[in-house]
2 protein chains.
Amino acid sequence: MDEKFIIKKYFKPLANSKDSLQLRDDVACINVADEKYIVSNQDSLVMGTHFFENDDPIYIAKKSLRVNLSDLISKGVTPYGYFLSLAMDDTIDENWIKLFAQGLAEDQKKYNITLLGGDTVSAPHGLFITINMLSRTNDSIIKRSGACYGDDIYVTGTIGNSAIGLHLLKNKNDNLGLDQLDIQKLIRKYHLPGPRHKVIHLIKKFASSSMDTTDGLINDLLVLAGSSGRKFIIKKNLIPHSISAKKFLNNYGDFDIALYGGDDYEVIFTSPMKFEDKLNEYAKKIKLKITKIGKVGSVSKNPKLFDENHTEFNTSYYTFKHFK
Amino acid sequence: MDEKFIIKKYFKPLANSKDSLQLRDDVACINVADEKYIVSNQDSLVMGTHFFENDDPIYIAKKSLRVNLSDLISKGVTPYGYFLSLAMDDTIDENWIKLFAQGLAEDQKKYNITLLGGDTVSAPHGLFITINMLSRTNDSIIKRSGACYGDDIYVTGTIGNSAIGLHLLKNKNDNLGLDQLDIQKLIRKYHLPGPRHKVIHLIKKFASSSMDTTDGLINDLLVLAGSSGRKFIIKKNLIPHSISAKKFLNNYGDFDIALYGGDDYEVIFTSPMKFEDKLNEYAKKIKLKITKIGKVGSVSKNPKLFDENHTEFNTSYYTFKHFK
């Protein structure tokens, strides 16, 4: 019983309005007036699944906001505000709350968002955070389903930092010759994803389909391919990694941890070839690293991902981080 | 460290937009276009706090929706749809999910609402449900703060059924001569609050201030009085109880369980005297029981509640159900 199974079998039949986008885009797009929409998504983080007991409350607060911000940003809309629900047991003290609120305040400033409402309840044990984040917009969103034949496939930033960071946290002796600065950088990426405001307008202007990467690049590319009903051809050797990640991966000898590991919170998107020059020019102007990693291929009933040698990607790693 | 303390000290400073209504009304009122608003609230239910392990999943689903519906309805707006977050441990099986989804489906039909989005995640232990419910409206809402001197104070339905139901569940031998039918009725009210669509237009047309009753009638009246900065004079003997509740209360010998017990999910509202006839006529037309229980008095810095003999109500029972 995984998340996708539950959603498809039991919850999708309940999402019977157009605004829900059939639960396909991780956001709903609620039509409020002529060309006025609320775009909204809701994600939960659970202690023991998405963060751990001794994690810094400031980081937990920021991660809770950012996983939600990432969803909206990848749709090309500007986040406005959020609802926060906090369920907590009696191990949470006032100092924890103080730091958590400090984390929220810092990211409210960074991302220009505001708290709109929510609730605080007691739980017998554990800590559960649910954020509903919303955007007010005049435009419709960039969906997952718009990729066309011949479109280029791009990814922002670099891939695998967070998964390697988690590996290093879990296996303290397995640092494979990385220095402390590299290790800190990678672990920080795991604790704190950094979705970037500046990608919003790039997506809105140039993308035909788009989503954020949360479940591992290859898994997410497969979802994007499936949503558009097309084959994707990915050039594995073009997939960008940070310098710290490259050091680790070269010594580790297996790139799968970076390709299938989750929590990158970058954006993958497709864009018509004709936009290539303008897209690169715009990305350069806003100082955003984007990398062309492949091409959208022909229509395919089952989502398929091929590398440059026309070998199908191993998707047996296809797991759902959110519901193990 | 109770809920109100946390919200006031740490979260209110983060709610720096007008749309949040300073977290005072349990809803946010988000201005999307000229005279177009999204009114939205978010509430969580936790196993072990708001429901229990062996409770019927159908009831849990309906209660989760209804505590949120109740908030919107009491503001005079019509609910449209909701986001659902479900965090659950591995004791939850597919049959549980099936029944839970059935409960949602039944109430979607009853209240004409639809699922818009959300997520499903795994938790190490426990079951946590967060609903964000929203309404699209052209009107502003009826706030808690609008009561004026001389307004009449009303309550819908009857008070205390749910608290007595919970008492009967916890004290199986303490039925005080109630027959099985009475007991079932009262317990059912605890399991399943019944906010009523039909109150929406009555509130919109006639109320100067309004909120739902979740933390016990007297506690909630004190909040309403405080929000409007006025004394409320309540005629205790006019507070309406159901026939089943009356039987219990007369034998129990203490009405406090009904006056201070939570989970009624009725609406308390104030209405200008000049509306009295039209209000009663309208209530009769839509077959909604409303009872005038008091009068709004003079301005008061501290919220105060008096009975008809000008004795101040005992508010030492003033507890916060949501955060024990």
# chains A, B, ... in the order shown; residues from 1 in each chain; ligands from 1

call {"tool": "residues_around", "arguments": {"residues": "Leu134 of chain A", "least_positions_apart": "5", "cutoff": "7 Å", "atoms": "only C-alpha atoms", "output": "PyMOL selection string"}}
result
chain A and resi 38-41+79-82

call {"tool": "select_by_dssp", "arguments": {"residues": "segment 115-219 of chain B", "states": "alpha helix (DSSP H)", "output": "PDB file with C-alpha atoms, in the first residue's frame"}}
result
ATOM      1  CA  ASN B 161     -25.205  16.726  23.835  1.00  0.00           C
ATOM      2  CA  SER B 162     -21.638  16.010  22.785  1.00  0.00           C
ATOM      3  CA  ALA B 163     -20.081  16.552  26.224  1.00  0.00           C
ATOM      4  CA  ILE B 164     -22.698  14.313  27.826  1.00  0.00           C
ATOM      5  CA  GLY B 165     -22.113  11.741  25.053  1.00  0.00           C
ATOM      6  CA  LEU B 166     -18.398  11.703  25.875  1.00  0.00           C
ATOM      7  CA  HIS B 167     -19.181  11.361  29.602  1.00  0.00           C
ATOM      8  CA  LEU B 168     -21.437   8.372  28.880  1.00  0.00           C
ATOM      9  CA  LEU B 169     -18.742   6.774  26.700  1.00  0.00           C
ATOM     10  CA  LYS B 170     -16.162   7.145  29.454  1.00  0.00           C
ATOM     11  CA  GLN B 180     -30.513   3.101  25.261  1.00  0.00           C
ATOM     12  CA  LEU B 181     -31.977   5.368  22.586  1.00  0.00           C
ATOM     13  CA  ASP B 182     -31.068   8.525  24.552  1.00  0.00           C
ATOM     14  CA  ILE B 183     -27.575   7.197  25.201  1.00  0.00           C
ATOM     15  CA  GLN B 184     -27.043   6.368  21.529  1.00  0.00           C
ATOM     16  CA  LYS B 185     -28.292   9.803  20.449  1.00  0.00           C
ATOM     17  CA  LEU B 186     -25.932  11.615  22.806  1.00  0.00           C
ATOM     18  CA  ILE B 187     -22.886   9.467  21.967  1.00  0.00           C
ATOM     19  CA  ARG B 188     -23.610   9.930  18.283  1.00  0.00           C
ATOM     20  CA  LYS B 189     -23.506  13.705  18.788  1.00  0.00           C
ATOM     21  CA  TYR B 190     -20.046  13.340  20.302  1.00  0.00           C
ATOM     22  CA  HIS B 191     -18.802  11.187  17.425  1.00  0.00           C
ATOM     23  CA  VAL B 199     -27.452  28.554   8.958  1.00  0.00           C
ATOM     24  CA  ILE B 200     -25.104  30.212   6.401  1.00  0.00           C
ATOM     25  CA  HIS B 201     -27.588  32.658   4.902  1.00  0.00           C
ATOM     26  CA  LEU B 202     -29.192  33.414   8.258  1.00  0.00           C
ATOM     27  CA  ILE B 203     -25.765  34.464   9.616  1.00  0.00           C
ATOM     28  CA  LYS B 204     -24.972  36.476   6.498  1.00  0.00           C
ATOM     29  CA  LYS B 205     -28.324  38.303   6.641  1.00  0.00           C
ATOM     30  CA  PHE B 206     -28.829  38.932  10.357  1.00  0.00           C
ATOM     31  CA  LEU B 217     -20.696  27.372  25.288  1.00  0.00           C
ATOM     32  CA  ILE B 218     -19.579  29.593  28.181  1.00  0.00           C
ATOM     33  CA  ASN B 219     -15.938  29.552  27.087  1.00  0.00           C
TER      34      ASN B 219
END

call {"tool": "select_by_dssp", "arguments": {"residues": "segment 124-294 of chain A", "states": "strand (DSSP E)", "output": "ChimeraX atom specification"}}
result
/A:127-137,152-156,209-212,230-234,267-271,290-294

call {"tool": "write_last_selection", "arguments": {"atoms": "C-alpha atoms", "output": "compact mmCIF listing (two decimals), in the first residue's frame"}}
result
# COMPACT_ATOMS: atom_id res chain seq x y z
CA LEU A 127 5.57 16.00 15.96
CA PHE A 128 3.56 16.64 12.81
CA ILE A 129 3.67 19.71 10.64
CA THR A 130 1.25 20.46 7.81
CA ILE A 131 1.63 23.51 5.61
CA ASN A 132 -0.89 24.70 3.06
CA MET A 133 0.84 27.25 0.84
CA LEU A 134 -0.98 29.39 -1.69
CA SER A 135 -0.40 31.83 -4.49
CA ARG A 136 -2.73 34.43 -6.02
CA THR A 137 -2.24 34.61 -9.76
CA ASP A 152 14.42 20.11 -24.64
CA ILE A 153 14.56 18.78 -21.08
CA TYR A 154 16.26 20.93 -18.44
CA VAL A 155 17.12 20.75 -14.79
CA THR A 156 18.01 23.67 -12.49
CA SER A 209 5.83 21.25 -18.60
CA SER A 210 7.41 21.45 -15.16
CA MET A 211 7.67 19.89 -11.71
CA ASP A 212 10.04 19.92 -8.76
CA ARG A 230 5.89 10.57 -23.92
CA LYS A 231 9.30 8.93 -23.96
CA PHE A 232 12.12 11.05 -22.54
CA ILE A 233 15.69 10.56 -23.78
CA ILE A 234 18.15 11.60 -21.06
CA VAL A 267 13.00 22.02 -11.04
CA ILE A 268 12.83 19.79 -14.11
CA PHE A 269 11.10 21.32 -17.08
CA THR A 270 10.69 20.97 -20.82
CA SER A 271 10.94 23.87 -23.24
CA ILE A 290 20.14 25.40 -15.89
CA THR A 291 21.37 22.31 -17.77
CA LYS A 292 19.89 20.70 -20.86
CA ILE A 293 19.89 16.97 -20.13
CA GLY A 294 17.69 15.48 -22.82

call {"tool": "atom_distance", "arguments": {"atom1": "atom CA of Ile92 of chain A", "atom2": "atom CA of Gly126 of chain A"}}
result
9.2 Å

call {"tool": "closest_residue", "arguments": {"among": "B:Pro57, B:Asp264, B:Tyr149, B:Lys63", "to": "Asn95 of chain B", "atoms": "only C-alpha atoms"}}
result
B:Pro57

call {"tool": "atom_distance", "arguments": {"atom1": "atom CA of Asp220 of chain A", "atom2": "atom CA of Gly194 of chain A"}}
result
17.8 Å

call {"tool": "atom_distance", "arguments": {"atom1": "atom CA of Pro195 of chain A", "atom2": "atom CA of Ser70 of chain A"}}
result
5.3 Å

call {"tool": "residues_around", "arguments": {"residues": "Lys8 of chain A", "least_positions_apart": "3", "cutoff": "12 Å", "atoms": "only C-alpha atoms", "output": "PyMOL selection string"}}
result
(chain A and resi 1-5+11-15+22-24) or (chain B and resi 101+119-120)

call {"tool": "closest_residue", "arguments": {"among": "A:Tyr59, A:Val77, A:Asp90, A:Thr114", "to": "chain B", "atoms": "only C-alpha atoms"}}
result
A:Thr114

call {"tool": "closest_residue", "arguments": {"among": "A:Ile159, A:Phe313, A:Ile243, A:Lys301", "to": "Leu259 of chain A", "atoms": "only C-alpha atoms"}}
result
A:Ile159

call {"tool": "residues_around", "arguments": {"residues": "Phe255 of chain B", "least_positions_apart": "2", "cutoff": "12 Å", "atoms": "only C-alpha atoms", "output": "list in words"}}
result
Ile159, Gly160, Asn161, Ala163, Ile164, Leu217, Ile218, Lys236, Asn237, Ile239, Pro240, His241, Ala245, Lys246, Lys247, Phe248, Leu249, Asn250, Asn251, Tyr252, Gly253, Ile257, Ala258, Leu259, Tyr260 and Gly261 of chain B

call {"tool": "residues_around", "arguments": {"residues": "Leu222 of chain B", "least_positions_apart": "3", "cutoff": "7 Å", "atoms": "only C-alpha atoms", "output": "list in words"}}
result
Ile218, Asn219, Ala225, Gly226, Pro303, Lys304 and Leu305 of chain B

call {"tool": "closest_residue", "arguments": {"among": "A:Thr91, A:Ser17, A:Ser122, A:Asn68", "to": "Thr49 of chain B", "atoms": "only C-alpha atoms"}}
result
A:Ser122
